[in-house]
Amino acid sequence: MNALVAPEPLSIVLSAEKSALLARLAEGLAAEELYWVAAWSAARAGQAQPGVRRAEATPASAPDAPRLTILYGSQTGNAKRVAEQFASRSEAAGLPVRLARADGYPQRDLAKETHLLVVISTQGDGEPPDDARGFVEFLAGKRAPRLTGLRYAVLGLGDSSYPQFCAVGRQLDERLAELGAARFAPLGEADVDVEAVAKPWSAQALEKAREALASTAPAAARSATVHALPSRGAHSREQPFAAAVLANQRIVSRDSERAVHHIELSLEGSGLRYAPGDALGVWPVNPPALVAQWLQALHLDGAHEVVHEGRSLPLAQWLSRERELTRLTRAFVAAQAAASGHADLMRVLRKENAAPFAELLDSHQPIDLLRRYRAAWRAEELVAALRPLTPRLYSIASSPRAVGEDEVHLTVAKVEYEAFGAPHWGAASAFLAAQAEDARVPVFIEANDRFRLPADDARDVIMIGPGTGVAPFRAFVQDRRETGARGRNWLFFGNRHFTRDFLYQVEWQGALKSGALHRLDLAFSRDTARKVYVQDHVREQGRELYAWLQGGAHLYVCGDANHMAKDVHAALVDIAVAHGGHSPDDARAWLADLLTQGRYARDVY
Amino acid sequence: MAPRLSELEHIKARSRQLRGSIAEGLADPVTGSISEADTKLLKFHGSYQQDDRDLREERRRQKLEPLYAFMLRARLPGGVVTPAQWLVFDRLAADYASSGLRITTRQTFQWHGILKGNLKPTIAAIHHAMASTIAACGDVLRNVVATPLPEQSGLHAQAYAWAAKLSAELAPQTTAYHELWLDGEKLVGEPEPEPLYGKTYLPRKFKIGLAIPPLNDIDVFAQDLGLIAIESDGRLAGFDLAIGGGMGATHGDPTTYPRLAEVIGFVAPEHLREAAEQVIAIQRDWGDRGERKHARLKYTLDHRGTEVFKAELEKRLGFALQPARGFRFDHNGDRYGWTEGEDGRWHLTLHIESGRLLDRGPQRLQSGMRELARVHTGDFRLTCNQNVIIANVQAADRTRIDAIVAAHGMDGYRRQSAVRRHAIACVALPTCGLAMAESERYLPTVLEKLEARLEHHGLLDAPILLRLSGCPNGCSRPYLGEIALVGRAIGRYDLRLGADFSGQRMNVTYRENVDEQAILDALDPLFAAYAAGREPGEGFGDFLWRTGVLAAPAPRPERRIAAEVLA
Ligand code: SRM
Ligand SMILES: Cc1cc2nc3c(=O)[nH]c(=O)nc-3n(C[C@H](O)[C@H](O)[C@H](O)COP(=O)(O)OP(=O)(O)OC[C@H]3O[C@@H](n4cnc5c(N)ncnc54)[C@H](O)[C@@H]3O)c2cc1C
Ligand SMILES: Cc1cc2nc3c(=O)[nH]c(=O)nc-3n(C[C@H](O)[C@H](O)[C@H](O)COP(=O)(O)O)c2cc1C
Ligand code: SF4
């Protein structure tokens, strides 16, 4: 089922006569006309994001025209980016392509496809990204059509430090084969340094696709896809904008255990635009102290020029600006094991030691291995063995309507902790927290069409955002205030201590007074003997929360993926059982449905 | 002329006997504070809303509200505390307070920094320890103070009994206290009547203190109603009454001023309760409810005339006061170290700097007192000079007590300079919302510097009475200090000189709004002169007058209060 065709019993969304009108209007419209209407509505809703336009407006062209359909499922934008790049290259290569986000793709078209390429990441614990849940379910289910006529290729994105590496990519790849389709390129599995795999795989897949497709590209099809491509701004992930720091303010008390910074950046002159729900990508520079520790631990000279992939830079440069120093990966553990020849490291890499290995990745940074298992690294080998530095994403905590289009706010928790008797830092959060006013930070906008305020401003919104998860909700509440949205806003926030970690306390108090926020439920886990978390309050408020949802409210969850998001989801199931009279299975289905509709959106990390 | 009532009078009237919306305020999870109006009512329950002033600006930038917390004050008539109570109070300090236990200048305890959510358990625990916080603050009769005087146990027993009786019988009757803090059931319908206080209580705070001559350690003339015990052959014959004392003033407002109580006569014990109640009742009816600055009894007397007030009192009592019997006070400080009582039991008075019981480095005052409370078989007495007396110690136990005292660095009284031993400082920053300058936190610094000068002149053991207040409200009764610093602004004080050492003569301003250097420079030559020219046993204040350093005080500023603010 497709969010834009039949999101839910229309009566919940629209008044009876409006839905009747809409049904009449839709009668007998062709697919592309319907998509055009959808795009038009989205635009009307003042939230026509490139992604939305792309997805909804993608015309389904004549079945017989041979064409490559590119679908992506993406949570944090990587798969999306890869898919877009693939689409533009294919176009450049003269291939007729259709690019669509999985939940913007009409599943009934699948049976008619001749060539399909899927780029999809794995989330949660081997789950699909929210925007591909519907698609993955559909394929896995009984209603999936036989696809004997289909040729396909799948690129999975993942993180090898998770047990379920690229699980969803693998699952799709196998399922498509099961359904009778044939691969035109083997499954690709990209690790966190996505490009390393994605680039060569794409090049190869493009070749194969070209061969597979009759290279005759009907002009119609090509022109039809032109709009499909994102309107690239001057700045992007690859060409970040150097944003000036307008403010960098610690917003937890001096006695808080964990530093959280409110950071205001200027986008002036960047041409970058964002909407509440988007994230800001930040290219960090590794902590100078950490780079120094590496050089010292390895007895290497930072000034030493290192040539890698045709680029020559001083080693210190490679380490501070070009390579990941803080995130441990299987690849590096293996490299360090080889270099040090240390038995313990060798052992932990073995299949049967998955648990201790996971534990190792969880608790160690590369520097810890360098210190413990001495190895003689040559600078060149080191640079080659390390992953390229990747940008980090931060949910945007401001609405352009409130702070102006040229300003963007972040809420950053500084990763800084002691381990093995030494200080450890997170690259980006420490980098951001250390920036003085007027310093410049390389940034780009990571649009997130799955995390948007309801188009209908009369809808209520329920926001669950403990810790820094509250960031996008600051943007939401600002935005709803500025647009005078008619719906009610309900925020669940939690953190450790009321007096220390109540992020944006005075702003929320003001919003409650002014009526911009209607309900605020707070859970401070370390203030009481029994620890209380947001999910406990969600349960307590179950009856009312369920009533809001039945009334058409949109529900958003942001923040910790490992525990919070799961526990909140479990709480929501319980609520649906307790107050909706659902069976546990129906409750889960109901939530899955809300997810695919986009009425239950998550931005978790 | 119809009285124009101050806002607070309306809040009290609307409060349904001190309930207001305190319960709702306590339940609000979004803020650590309660509503402005409720903070006024909360005082009657013994608590002040405060915030850490050191952190205000920092937290504003952090988008956090001020660090709101509550100061809680116990009601301990006569300052008597049992060891069992002490242990409870100490645990509450450890569990809920930010800066230990604080002995006040009205011989009771304060806890600072109690978070809103912890108020109820703290108050409940105090209640279950057979003490209370009700009416420790607010427009009511405050904690009744009395000379601890352990040596004359017979006389003290009678005096203490009176302090306790007045404190209990003249306390507010409202059940709001039980309702809010002790899970008493909710009031339905009309609140219970307040026979003495009525719906709006008193125009202002009211203080009673009971002194046993020759000791004036409670500063009986700083009380609204001072009771001076008159003894005849070991028995309590009755009390000379002194009315209209008060310290508070406002900088630059000559219609406000400190004032000593005037003696108006003598009552026998059997008439004391009546007399006290009627003095309060007249102040209730006559006090200024339009302008709180002028609402204390001292202004009522200066406005109506003490004679008129006395006449009204005798009319309401239905009998005339007897002429005052007369008394002699020779001292208003404490007497440190061990003393033996008439019954052969021993009493140890310890000096507690600014009354702050907290562990700081080698001075582990809070732990030390806890240890003492664990072993002590007698009782404790808090003094109005912010000190503590370990009372009723068996001779056999003295060495054990001494050992604990020494082990926790509490035996300073043996070595300290005389000026340090007698110094008092009010709380002031960071908790006091009215502080204009540092006081408690400044005392150690200024003492060191004064000691250096005094030592230079060989005056280290000259008992000179020093009192610091962070603002002119005078919580350390600074106007009765031989040397007093009264806060004007951060780092700036009025330097006042010339009180006696028995609480019967106030000091006068010697330098206005000066900084530390100016203070020390002003004092140094006076110390020199005192060292050279003092007569045997002559106090520093007396010396300054005799030698004409201080001219006769300018006649007290216009007493009459501008007509328009009159009720
Ligand atoms: C704790 C204590 C000082 C100390 O270091 O021990 C104290 C502390 C405060 N006094 Fe006091 N007063 C204290 C004894 C006094 C005394 C001395 C006495 O009563 O013997 C006086 C002078 C006598 C008098 O009442 O005139 C005194 C005159 C005031 C005044 C001025 C009252 C007036 O009518 O002029 C205020 C301000 C007010 O009431 O508006 C005040 C107000 C305050 C407040 C509650 C500030 C406020 O209203 O927000 C202070 C709390 C500071 C804090 O953070 O703890 N305090 N206050 C004393 C507690 C006594 C008790 O246990 O009840
Ligand atoms: C869509 C999205 C939105 C996000 N929004 C926000 C936001 O609004 N605010 C925000 O603060 N973050 C947000 N994040 C997370 C953010 O992107 C970074 O992951 C985070 O700031 C850490 O990055 P870093 O570079 O500082 O640390 P890294 O250098 O990436 O990691 C440091 C290393 O230390 C390890 N580590 C961290 N803490 C400990 C510890 N206590 N003990 C042992 N090891 C530890 C980690 O496992 C990691 O290996 C978001 C993430 C996503 C995907
Ligand atoms: C909360 C979270 C859970 C993840 N779980 C997995 C996982 O189980 N298996 C995996 O291979 N990768 C996992 N990843 C890594 C992502 O798949 C990887 O970052 C990928 O590049 C994201 O691509 P996208 O931006 O298109 O979503 C997870 C990432 C996040 C933030
Ligand atoms: S004298 Fe002033 S500063 Fe000191 S405690 Fe009293 S009110 Fe506060």
# chains A, B, ... in the order shown; residues from 1 in each chain; ligands from 1
>>> residues_around(residues="Leu18 (chain B)", least_positions_apart="2", cutoff="12 Å", atoms="only C-alpha atoms", output="PyMOL selection string")
chain B and resi 8-16+20-23+37-46+134-135+138-140+172-180+187+191-194+197-201
>>> residues_around(residues="Arg323 (chain A)", least_positions_apart="4", cutoff="7 Å", atoms="only C-alpha atoms", output="ChimeraX atom specification")
/A:318-319,386-389
>>> write_last_selection(atoms="all heavy atoms", output="tab-separated table (two decimals), in the first residue's frame")
chain	number	residue	atom	x	y	z
A	318	TRP	N	46.21	14.11	6.93
A	318	TRP	CA	45.41	12.91	6.67
A	318	TRP	C	44.63	12.53	7.92
A	318	TRP	O	43.43	12.28	7.88
A	318	TRP	CB	46.31	11.74	6.26
A	318	TRP	CG	46.77	11.75	4.84
A	318	TRP	CD1	48.04	11.99	4.38
A	318	TRP	CD2	45.96	11.50	3.67
A	318	TRP	NE1	48.08	11.91	3.01
A	318	TRP	CE2	46.82	11.61	2.54
A	318	TRP	CE3	44.61	11.21	3.46
A	318	TRP	CZ2	46.37	11.43	1.23
A	318	TRP	CZ3	44.15	11.03	2.16
A	318	TRP	CH2	45.02	11.14	1.06
A	319	LEU	N	45.34	12.53	9.05
A	319	LEU	CA	44.71	12.06	10.28
A	319	LEU	C	43.66	13.02	10.80
A	319	LEU	O	42.60	12.61	11.28
A	319	LEU	CB	45.78	11.81	11.35
A	319	LEU	CG	46.76	10.69	11.05
A	319	LEU	CD1	47.70	10.48	12.23
A	319	LEU	CD2	46.03	9.39	10.71
A	386	LEU	N	42.94	3.09	7.10
A	386	LEU	CA	41.88	3.82	7.80
A	386	LEU	C	40.76	4.24	6.85
A	386	LEU	O	41.02	4.55	5.68
A	386	LEU	CB	42.45	5.06	8.48
A	386	LEU	CG	43.38	4.80	9.67
A	386	LEU	CD1	44.09	6.08	10.07
A	386	LEU	CD2	42.57	4.22	10.84
A	387	ARG	N	39.52	4.24	7.37
A	387	ARG	CA	38.39	4.68	6.56
A	387	ARG	C	38.43	6.18	6.37
A	387	ARG	O	38.88	6.91	7.25
A	387	ARG	CB	37.08	4.34	7.27
A	387	ARG	CG	36.71	2.89	7.23
A	387	ARG	CD	35.68	2.62	8.29
A	387	ARG	NE	34.73	3.74	8.41
A	387	ARG	CZ	34.04	3.99	9.51
A	387	ARG	NH1	34.20	3.25	10.58
A	387	ARG	NH2	33.19	5.01	9.54
A	388	PRO	N	37.94	6.64	5.21
A	388	PRO	CA	37.83	8.09	5.03
A	388	PRO	C	36.90	8.68	6.09
A	388	PRO	O	35.94	8.02	6.51
A	388	PRO	CB	37.21	8.24	3.64
A	388	PRO	CG	37.40	6.93	2.97
A	388	PRO	CD	37.47	5.89	4.04
A	389	LEU	N	37.20	9.89	6.52
A	389	LEU	CA	36.36	10.58	7.50
A	389	LEU	C	34.97	10.78	6.90
A	389	LEU	O	34.84	11.10	5.71
A	389	LEU	CB	36.97	11.94	7.82
A	389	LEU	CG	36.36	12.75	8.96
A	389	LEU	CD1	36.43	11.97	10.27
A	389	LEU	CD2	37.10	14.07	9.12
>>> residues_around(residues="Ala339 (chain A)", least_positions_apart="5", cutoff="12 Å", atoms="only C-alpha atoms", output="list in words")
Leu298, Phe332, Val333, Ala334, Leu345, Met346, Leu369, Leu370, Tyr373, Arg374, Ala375, Ala376, Trp377, Arg378, Glu381, Leu382 and Ala385 of chain A
>>> write_last_selection(atoms="N, CA and C atoms", output="mmCIF file, in the first residue's frame")
data_model
loop_
_atom_site.group_PDB
_atom_site.id
_atom_site.type_symbol
_atom_site.label_atom_id
_atom_site.label_comp_id
_atom_site.auth_asym_id
_atom_site.auth_seq_id
_atom_site.Cartn_x
_atom_site.Cartn_y
_atom_site.Cartn_z
ATOM 1 N N LEU A 298 52.345 5.886 17.607
ATOM 2 C CA LEU A 298 52.919 5.150 16.468
ATOM 3 C C LEU A 298 54.333 5.605 16.135
ATOM 4 N N PHE A 332 39.586 -2.329 10.639
ATOM 5 C CA PHE A 332 40.785 -1.819 11.311
ATOM 6 C C PHE A 332 41.291 -2.813 12.358
ATOM 7 N N VAL A 333 40.356 -3.468 13.053
ATOM 8 C CA VAL A 333 40.788 -4.475 14.035
ATOM 9 C C VAL A 333 41.629 -5.532 13.317
ATOM 10 N N ALA A 334 41.147 -5.942 12.154
ATOM 11 C CA ALA A 334 41.867 -6.947 11.374
ATOM 12 C C ALA A 334 43.252 -6.425 10.990
ATOM 13 N N LEU A 345 44.050 -10.322 19.433
ATOM 14 C CA LEU A 345 43.286 -9.649 18.373
ATOM 15 C C LEU A 345 42.858 -10.664 17.324
ATOM 16 N N MET A 346 43.799 -11.522 16.956
ATOM 17 C CA MET A 346 43.463 -12.560 15.964
ATOM 18 C C MET A 346 42.236 -13.331 16.454
ATOM 19 N N LEU A 369 43.490 0.356 20.819
ATOM 20 C CA LEU A 369 44.191 -0.812 20.264
ATOM 21 C C LEU A 369 45.642 -0.459 19.978
ATOM 22 N N LEU A 370 45.843 0.723 19.413
ATOM 23 C CA LEU A 370 47.219 1.138 19.090
ATOM 24 C C LEU A 370 48.071 1.118 20.345
ATOM 25 N N TYR A 373 48.118 -2.970 21.703
ATOM 26 C CA TYR A 373 48.790 -3.965 20.857
ATOM 27 C C TYR A 373 49.775 -3.249 19.955
ATOM 28 N N ARG A 374 50.972 -3.032 20.471
ATOM 29 C CA ARG A 374 51.984 -2.268 19.735
ATOM 30 C C ARG A 374 52.197 -2.865 18.346
ATOM 31 N N ALA A 375 52.218 -1.995 17.363
ATOM 32 C CA ALA A 375 52.509 -2.455 16.004
ATOM 33 C C ALA A 375 53.279 -1.351 15.289
ATOM 34 N N ALA A 376 54.171 -1.758 14.381
ATOM 35 C CA ALA A 376 54.943 -0.775 13.619
ATOM 36 C C ALA A 376 54.197 -0.465 12.322
ATOM 37 N N TRP A 377 53.542 0.688 12.292
ATOM 38 C CA TRP A 377 52.787 1.089 11.101
ATOM 39 C C TRP A 377 53.646 1.996 10.245
ATOM 40 N N ARG A 378 53.603 1.788 8.948
ATOM 41 C CA ARG A 378 54.163 2.796 8.053
ATOM 42 C C ARG A 378 53.057 3.765 7.730
ATOM 43 N N GLU A 381 50.745 2.873 4.866
ATOM 44 C CA GLU A 381 49.841 1.755 5.156
ATOM 45 C C GLU A 381 48.702 2.217 6.070
ATOM 46 N N LEU A 382 49.083 3.031 7.047
ATOM 47 C CA LEU A 382 48.080 3.489 8.009
ATOM 48 C C LEU A 382 46.971 4.237 7.284
ATOM 49 N N ALA A 385 44.821 1.991 5.460
ATOM 50 C CA ALA A 385 44.011 1.082 6.271
ATOM 51 C C ALA A 385 42.818 1.783 6.932
#
>>> atom_distance(atom1="CA of Pro366 (chain A)", atom2="atom 47 (O, counted along the ligand's line) of ligand 2")
10.8 Å
>>> residues_near_ligand(ligand="ligand 2", cutoff="7 Å", atoms="only C-alpha atoms and all ligand atoms", output="count of residues only")
34
>>> residues_around(residues="region 181-197 of chain A", least_positions_apart="2", cutoff="6 Å", atoms="only C-alpha atoms", output="NGL selection string")
:A and (147-148 or 150-160 or 176-177 or 179 or 199-200 or 205)
>>> closest_residue(among="A:Gly494, A:Gly149, A:Pro163, A:Gly581", to="chain B", atoms="only C-alpha atoms")
A:Gly494
>>> atom_distance(atom1="CA of Arg284 (chain B)", atom2="CA of Arg204 (chain B)")
8.6 Å
>>> atom_distance(atom1="CA of Ala402 (chain A)", atom2="CA of Gln478 (chain A)")
6.0 Å
>>> residues_around(residues="region 433-449 of chain B", least_positions_apart="6", cutoff="6 Å", atoms="only C-alpha atoms", output="NGL selection string")
:B and (425-427 or 468-471 or 487-490)
>>> interface_residues(of="chain B", to="chain A", cutoff="10 Å", atoms="only C-alpha atoms", output="MDAnalysis selection string")
chainID B and resid 29:32 55 58:68 115 117
>>> write_last_selection(atoms="C-alpha atoms", output="CSV table (one decimal), in the first residue's frame")
chain,number,residue,atom,x,y,z
B,29,PRO,CA,6.8,19.6,37.3
B,30,VAL,CA,7.9,22.1,34.7
B,31,THR,CA,9.4,24.6,37.2
B,32,GLY,CA,11.3,24.3,40.5
B,55,LEU,CA,24.3,30.9,39.3
B,58,GLU,CA,25.1,31.5,34.1
B,59,ARG,CA,21.8,29.6,34.1
B,60,ARG,CA,20.1,32.3,32.1
B,61,ARG,CA,22.6,31.8,29.4
B,62,GLN,CA,22.1,28.1,29.6
B,63,LYS,CA,18.4,28.6,28.9
B,64,LEU,CA,17.7,27.1,32.4
B,65,GLU,CA,15.5,28.7,35.0
B,66,PRO,CA,17.3,30.0,38.1
B,67,LEU,CA,18.3,27.2,40.5
B,68,TYR,CA,15.2,27.5,42.6
B,115,LEU,CA,14.4,21.3,46.1
B,117,GLY,CA,10.0,18.0,45.6
>>> residues_around(residues="Asp219 (chain B)", least_positions_apart="6", cutoff="8 Å", atoms="only C-alpha atoms", output="number ranges by chain")
B: 209, 211, 332, 502-503
>>> residues_around(residues="region 285-292 of chain B", least_positions_apart="3", cutoff="9 Å", atoms="only C-alpha atoms", output="list in words")
Pro3, Arg4, Leu5, Ser6, Glu7, Leu8, Glu9, Leu202, Pro203, Arg204, Ile280, Ala281, Ile282, Ala295, Arg296, Leu297, Tyr299, Thr300, Arg304, Val565, Leu566 and Ala567 of chain B
>>> select_by_dssp(residues="region 323-470 of chain A", states="strand (DSSP E)", output="ChimeraX atom specification")
/A:392-395,407-413,416-419,422-425,440-446,461-464
>>> write_last_selection(atoms="N, CA, C and O atoms", output="short mmCIF file (atom, residue, chain, number, x, y, z; two decimals), in the first residue's frame")
data_model
loop_
_atom_site.label_atom_id
_atom_site.label_comp_id
_atom_site.auth_asym_id
_atom_site.auth_seq_id
_atom_site.Cartn_x
_atom_site.Cartn_y
_atom_site.Cartn_z
N ARG A 392 28.96 13.82 10.12
CA ARG A 392 27.95 13.40 11.10
C ARG A 392 26.70 14.25 10.87
O ARG A 392 26.79 15.38 10.42
N LEU A 393 25.59 13.68 11.23
CA LEU A 393 24.33 14.42 11.07
C LEU A 393 23.81 14.92 12.41
O LEU A 393 23.98 14.25 13.43
N TYR A 394 23.19 16.08 12.39
CA TYR A 394 22.57 16.65 13.59
C TYR A 394 21.19 17.17 13.24
O TYR A 394 21.03 17.97 12.31
N SER A 395 20.19 16.70 13.96
CA SER A 395 18.83 17.18 13.72
C SER A 395 18.80 18.69 13.89
O SER A 395 19.31 19.20 14.88
N GLU A 407 19.77 31.09 9.17
CA GLU A 407 20.29 30.64 10.46
C GLU A 407 19.82 29.22 10.73
O GLU A 407 18.70 28.85 10.35
N VAL A 408 20.69 28.43 11.33
CA VAL A 408 20.30 27.07 11.69
C VAL A 408 20.87 26.74 13.08
O VAL A 408 21.98 27.13 13.41
N HIS A 409 20.06 26.07 13.90
CA HIS A 409 20.47 25.74 15.27
C HIS A 409 20.61 24.24 15.45
O HIS A 409 19.86 23.46 14.85
N LEU A 410 21.58 23.84 16.28
CA LEU A 410 21.79 22.43 16.60
C LEU A 410 21.83 22.23 18.11
O LEU A 410 22.09 23.18 18.86
N THR A 411 21.57 21.02 18.52
CA THR A 411 21.67 20.65 19.94
C THR A 411 22.62 19.47 20.01
O THR A 411 22.25 18.35 19.64
N VAL A 412 23.82 19.72 20.45
CA VAL A 412 24.87 18.71 20.33
C VAL A 412 25.35 18.19 21.68
O VAL A 412 25.79 18.97 22.53
N ALA A 413 25.24 16.90 21.88
CA ALA A 413 25.77 16.27 23.09
C ALA A 413 27.24 15.93 22.85
O ALA A 413 27.56 15.18 21.93
N GLU A 416 32.50 12.70 25.27
CA GLU A 416 33.78 12.88 25.95
C GLU A 416 33.76 11.99 27.18
O GLU A 416 32.85 12.10 28.00
N TYR A 417 34.68 11.07 27.26
CA TYR A 417 34.64 10.13 28.38
C TYR A 417 36.02 9.57 28.66
O TYR A 417 36.91 9.66 27.82
N GLU A 418 36.17 9.05 29.86
CA GLU A 418 37.42 8.42 30.26
C GLU A 418 37.34 6.92 29.97
O GLU A 418 36.30 6.30 30.22
N ALA A 419 38.37 6.37 29.44
CA ALA A 419 38.42 4.91 29.26
C ALA A 419 39.88 4.50 29.24
O ALA A 419 40.71 5.19 28.63
N ALA A 422 42.51 7.10 29.91
CA ALA A 422 42.80 8.21 29.00
C ALA A 422 41.50 8.89 28.58
O ALA A 422 40.45 8.24 28.54
N PRO A 423 41.57 10.19 28.28
CA PRO A 423 40.37 10.88 27.79
C PRO A 423 40.04 10.44 26.36
O PRO A 423 40.95 10.16 25.58
N HIS A 424 38.78 10.29 26.07
CA HIS A 424 38.34 9.96 24.71
C HIS A 424 37.33 11.00 24.25
O HIS A 424 36.59 11.55 25.05
N TRP A 425 37.32 11.24 22.95
CA TRP A 425 36.38 12.20 22.40
C TRP A 425 35.65 11.62 21.22
O TRP A 425 36.11 10.70 20.57
N ARG A 440 34.48 28.73 11.46
CA ARG A 440 33.65 28.23 10.34
C ARG A 440 33.62 26.72 10.33
O ARG A 440 34.63 26.07 10.58
N VAL A 441 32.45 26.17 10.08
CA VAL A 441 32.22 24.72 10.14
C VAL A 441 31.67 24.25 8.80
O VAL A 441 30.71 24.83 8.30
N PRO A 442 32.26 23.20 8.19
CA PRO A 442 31.78 22.72 6.89
C PRO A 442 30.47 21.93 7.07
O PRO A 442 30.46 20.92 7.75
N VAL A 443 29.40 22.43 6.45
CA VAL A 443 28.10 21.79 6.65
C VAL A 443 27.33 21.63 5.34
O VAL A 443 27.65 22.25 4.33
N PHE A 444 26.33 20.76 5.38
CA PHE A 444 25.39 20.62 4.27
C PHE A 444 24.04 20.22 4.85
O PHE A 444 23.96 19.83 6.02
N ILE A 445 23.00 20.38 4.06
CA ILE A 445 21.66 20.02 4.52
C ILE A 445 21.35 18.59 4.12
O ILE A 445 21.57 18.21 2.98
N GLU A 446 20.87 17.80 5.06
CA GLU A 446 20.43 16.45 4.77
C GLU A 446 18.91 16.44 4.93
O GLU A 446 18.40 16.35 6.05
N VAL A 461 0.05 17.08 16.99
CA VAL A 461 1.30 16.35 16.90
C VAL A 461 1.77 15.93 18.29
O VAL A 461 1.64 16.68 19.26
N ILE A 462 2.27 14.70 18.37
CA ILE A 462 2.83 14.16 19.61
C ILE A 462 4.32 13.96 19.36
O ILE A 462 4.70 13.28 18.40
N MET A 463 5.15 14.58 20.18
CA MET A 463 6.59 14.54 19.96
C MET A 463 7.27 13.88 21.15
O MET A 463 7.11 14.31 22.28
N ILE A 464 8.02 12.82 20.88
CA ILE A 464 8.72 12.11 21.95
C ILE A 464 10.22 12.25 21.70
O ILE A 464 10.75 11.65 20.77
#
